[in-house]
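Here's the structure, in structure tokens; my notes come after.
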Amino acid sequence: MDTARPCATLTQDGDGPVVGRFGGPLMLPADTPIPVFPFVASIDLAALPDDATDLPLPPDGHLLLFAFPEDDEGFADMGKVVYVPAGAAVEERDKGSGSWFEDEEYQDEEYQEVVEAFPRGQLRATIDVSLPHHHAVELPGPPYSEPLPGHPRSRELAEVWQHTRDDIATRESLQIGGYASEEAIQLDPVAHVVVCAVRAAEAGRWGGGGAVSGAVEDWVLLADWSPHITGREGATVHWAIQREDLAAQRFDRTYTTVFWNP
């Protein structure tokens, strides 16, 4: 019971409050660069119920999520989060095909087809319970993984949760807070985010020179998205952030990874 965490499941149907939308229009301040990754969704934090998550989110403003559901080879950062404070002057941006397509790496027809298949429409929130899908931690040597500390029956508990969760919590594509999910994996996806972020920071490719912790407990899942779109079946996107960066509203220091099992 101590392991359970609240989360907000965002769906395009249901009777919960409207808290955002998939897709545009993309509303940004005039001096905010458009991220290179495609726009996924916007979340109206003032509309999100107070008890929806245990994250110290801002009480208002909009959280904009960007990502592309491609496997993060080379431990690359695969997305972006932009926070637009309440009352900020914004304008509609990226009205055409998107600045993302201006990057030569992403002008392939297949990539454009995937982005055009991104969901669009309003999102309604349901408050759910979240339990870990994973049951082990990674070790540097043999046996390379072991049950979660303090939970010798973690594998059994995770399997029970997998079989019963649909009767307790909604299974849908976009989740705020809670635990990350991934198909057919026993390790916490946030732990993979931490490894990637540390490597990227050491290489000078991410972090802006700020401290980057290698301890998983210093990080938290911000959002989790399973696109369920043609061409990216089996993909899951994870946006994670250090707890101190979240408290300071440093959403530019969110790191994004993608698991893809075609």
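How things are named: the first chain in the structure tokens is A, the next is B, and so on; residues count from 1 in each chain; ligands count from 1 in the order shown.
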Checklist entry - Neighbours of region 147-153 of chain A within 8 Å (only C-alpha atoms; same-chain residues fewer than 5 positions away dropped), as a PyMOL selection string? => result chain A and resi 135-137
Selection export as a compact mmCIF listing (two decimals), in the first residue's frame, atoms kept: N, CA and C atoms:
# COMPACT_ATOMS: atom_id res chain seq x y z
N HIS A 135 9.82 -5.05 -11.30
CA HIS A 135 9.99 -5.80 -10.06
C HIS A 135 11.44 -6.06 -9.72
N ALA A 136 12.37 -5.41 -10.42
CA ALA A 136 13.78 -5.67 -10.15
C ALA A 136 14.60 -4.40 -10.34
N VAL A 137 15.79 -4.42 -9.79
CA VAL A 137 16.76 -3.34 -9.98
C VAL A 137 17.99 -3.92 -10.68
Near region 232-243 of chain A, 9 Å: region 31-119 of chain A residue rows, closest pairs, only C-alpha atoms, as a Markdown table:
| residue | atom | partner | partner_atom | distance |
| --- | --- | --- | --- | --- |
| A:Leu55 | CA | A:Arg243 | CA | 8.8 |
| A:Pro56 | CA | A:Arg243 | CA | 8.8 |
| A:Leu65 | CA | A:Trp239 | CA | 8.5 |
| A:Ala67 | CA | A:Val237 | CA | 7.5 |
| A:Phe68 | CA | A:Val237 | CA | 8.1 |
| A:Pro69 | CA | A:Ala235 | CA | 6.2 |
| A:Glu70 | CA | A:Ala235 | CA | 7.6 |
| A:Asp71 | CA | A:Ala235 | CA | 8.0 |
| A:Met78 | CA | A:Val237 | CA | 8.5 |
| A:Gly79 | CA | A:Trp239 | CA | 7.6 |
| A:Lys80 | CA | A:Trp239 | CA | 8.0 |
| A:Val81 | CA | A:Trp239 | CA | 8.1 |
| A:Val114 | CA | A:Arg232 | CA | 7.5 |
Item to check | Selection near Pro85 (chain A), 9 Å with only C-alpha atoms, sequence-local residues under 4 positions removed, as an NGL selection string | outcome: :A and (58 or 60-63)
Using C-alpha atoms, can you export the residues from the last selection as a PDB file, in the first residue's frame?
ATOM      1  CA  PRO A  58       2.480  24.468 -10.661  1.00  0.00           C
ATOM      2  CA  ASP A  60      -1.826  26.867 -13.151  1.00  0.00           C
ATOM      3  CA  GLY A  61      -0.334  27.494 -16.567  1.00  0.00           C
ATOM      4  CA  HIS A  62       0.095  24.963 -19.357  1.00  0.00           C
ATOM      5  CA  LEU A  63       2.521  22.082 -19.670  1.00  0.00           C
TER       6      LEU A  63
END
Checklist entry - Pick from A:Pro189, A:Tyr179, A:Ala158, A:Leu57: nearest to Glu244 (chain A), with only C-alpha atoms counted? => result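 Looking only at the distances to Glu244 (chain A), the closest residue turns out to be A:Leu57.
Once region 166-169 of chain A and its same-chain neighbours fewer than 4 positions away are set aside, Ala4, Arg5, Pro6, Cys7, Ala8, Thr9, Leu10, Thr126, Ile127, Asp128, Val129, Ser130, Leu131, Val160, Trp161, Gln162, Gln175 and Gly178 of chain A remain within 12 Å of it when counting only C-alpha atoms.
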Next on the checklist: If DSSP is run on the backbone, what residues of region 24-53 of chain A are strand (DSSP E or B)? A reply as an MDAnalysis selection string would be ideal.
Outcome noted: chainID A and resid 26:28 39:44
